[in-house]
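Take a look at the structure set out below.
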Amino acid sequence: MASHTTDECDIVMSLNASERCTFVKNTSDCNSEDSFINYIHVAFCLLPPNFTSLTVILCMIWLVFLFIILGLTASKFFCPNLSAISTSLHLTHTVAGVTFLALGNGAPDIFSAMAAISHPHTAGLAVGALFGAGIFVTTVVAGSVALVKPFALASRPFLRDLIFYMSAVYWTFVILYRGTISLGETLSYLGLYVVYVLTVIISTIIYNRQKHSLNSAVQTAPQVPEYQSSDTSDDEEIPSLNPRFIPHEYETEYRPLLPYSESTSHILLCSLNPIENSKWRRKSTKWKVLKILKTPLEFLLLLCIPVVDPDKEDKNWKRPLNCLHLIIAPLVCVFAFQSGAYGDFMIQGQFPLWLLFLLLGFFLSAIVFCTTKNDHPPSYHPAFAILGFVTSALLISAAASEVVSLLHMLGVVLGLSNTVLGLTLLAWGNSIGDCFSDITLAKQGYPRMAISACFGGIIFNMVFGVGLGCLAQRFQTHAEVQIEPEGDLPWVLAASLGLSLVFSFIVVPLRNFHVGKPYGVFLLIFYVMFLTVALLTEFHIIKFKH
């Protein structure tokens, strides 16, 4: 097992208040190169040294804001553009579900893990977040779904997803135990998901052939009532009914009776308005308050990121706004990439890179504006989905880097390990949206789909979060990847996640794949017990012999 290297910045709180700023400035581990703000410098050099509680409160408010940025960018911009790209590529629901849909749903988790693992001393955040989110989703979310709507699981997809997830967890555990991973092993680790995708596709083809043969036999036989088997595959249903990909509702009552042509300025103003009048009238007061709070941020995102929607008649073509996107989106990409590292880059030391992108944006925008019409999208309109995908991905990556740096600072100030912050704040922040959407799906009568989303998405998050993070660290350091587990907590996490998966793997088949309230209650109790043991381990009340 690799030896643990302590983060030198952790000792800053043991110094006198007057010495902390000097220590932070002279210690490399306290310098944050992957975020716009050096939070440790802010905490110890700008804010009052004796007001730790004020620092924590301000950080928590900013952390909530960053999570809102992550959620809004992923749900309103990243996912719809991925859906448009998969539609343009004519992908089947199955392939889209395990590739683009999985990437869209797991974007915050994956980018957060990549940002954390790319540096050895913050790898504990990624370990805590991925294992913590895995336990949270497979116990709290799955347990809540079982409590809300008892049902029969689809046996083969459930066992397939569980086996692959257990394999990913075990492989990750081995990487942690060794503390290092080579390039070949990283590529093989990423290859696990390729095998999973192929397995899903092949199993879906086999299931469809069996279903076709069964339907042919039924047509030649007397008609009998048909009951849904627990072996029915849910694979094809998940993408089309996932909450982030449900087509937009069209309020026909608000459409004009006669066609009319809107002015360019009116189209621009309407397209930048995040509040839909028809929706506003039907929503609750709580929803309206939250919407008002999010409106400024949503307005800025609408101004920066194009969205292509294949479900709309006009594909969400907004000519004046899309022309603005050609100017603004490339600039956002330049300044968001690697947290602004290329914002002041000079080409041959003379010409700013951002100015080149600005001029190209103006040129393309002028061409598009002069060659298109307001009421008809051009043939190349799907290319805006790629621009929207890249822009939203870079914004999510930048926000995730801010979250990781902020949590690292909170860990230093509060004396908490990165792992415990990852399994609590980071895991909860990234998973709470999925929790509510899956419970809503169960209430609407789709509990099997909700459970499939629980176990299917976290495979992608773990494999790509760890795998791409390791690749990023290798390209930055040009050396063998180092992952430094912090104390005993990562092993508590790995053991707890393994136990919960083994329990489901044994108990669910024994119950003939019928899950109900007893199963849900046990999973919720298991999570409370895990969290208790994890916190007691973090505060050294429970100690393990080595």
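In the structure tokens, each chain is lettered A, B, ... as it comes, each chain's residues begin at 1, and ligands are numbered from 1 in order of appearance.
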
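Neighbours of A:Ala116 closer than or equal to 9 Å, with only C-alpha atoms counted and sequence neighbours fewer than 4 positions away skipped, come out as Phe111, Ser112, Pro120, His121, Thr122, Ala123, Gly124, Leu125, Ala126, Val127, Ala400, Ser401, Val404, Ser405 and Gly469 of chain A.
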
Keeping only C-alpha atoms, write the selected residues to a file as a CSV table (one decimal), in the first residue's frame.
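Listed below is the output, result23.csv:
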chain,number,residue,atom,x,y,z
A,111,PHE,CA,-16.1,16.9,-13.7
A,112,SER,CA,-15.9,17.3,-9.9
A,120,PRO,CA,-2.9,13.9,-5.5
A,121,HIS,CA,-3.6,16.0,-2.4
A,122,THR,CA,-7.3,16.5,-3.3
A,123,ALA,CA,-7.9,13.0,-4.5
A,124,GLY,CA,-9.6,12.3,-1.2
A,125,LEU,CA,-12.5,14.6,-2.4
A,126,ALA,CA,-13.0,12.4,-5.5
A,127,VAL,CA,-12.9,9.2,-3.5
A,400,ALA,CA,-16.5,21.9,-10.5
A,401,SER,CA,-12.9,23.1,-10.0
A,404,VAL,CA,-13.2,21.3,-5.2
A,405,SER,CA,-10.9,24.2,-4.3
A,469,GLY,CA,-9.1,12.2,-13.6

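Inside stretch 327-468 of chain A, the residues DSSP reads as strand (DSSP E or B) when given the backbone are Met346, Ile347, Phe351, Pro352, Lys373 and His376 of chain A.
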
Correct to one decimal, the distance atom CA of A:Ile57-atom CA of A:Leu410 is 10.4 Å

For the alpha helix (DSSP H) assignment from backbone DSSP, which residues of stretch 247-491 of chain A qualify? Please present them as an NGL selection string. :A and (264-271 or 277-282 or 285-304 or 319-336 or 353-371 or 383-414 or 418-421 or 427-443 or 447-477 or 489-491)

Closest of A:Leu159, A:Val169, A:Ala154, A:Leu192 to A:Ala495, counting only C-alpha atoms, is A:Val169

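Atom pair atom CA of A:Ile69 / atom CA of A:Arg319 has a distance of 25.6 Å (rounded to one decimal).
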
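The coordinates place atom CA of A:Ala102 at 24.4 Å from atom CA of A:Ala329.
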
Determine, counting only C-alpha atoms, which protein, DNA and RNA residues have an atom within 8 Å of an atom of A:Ile396; residues of the same chain fewer than 5 positions away are not included. Present the result as an MDAnalysis selection string. chainID A and resid 69:70 73:74 107:108 111
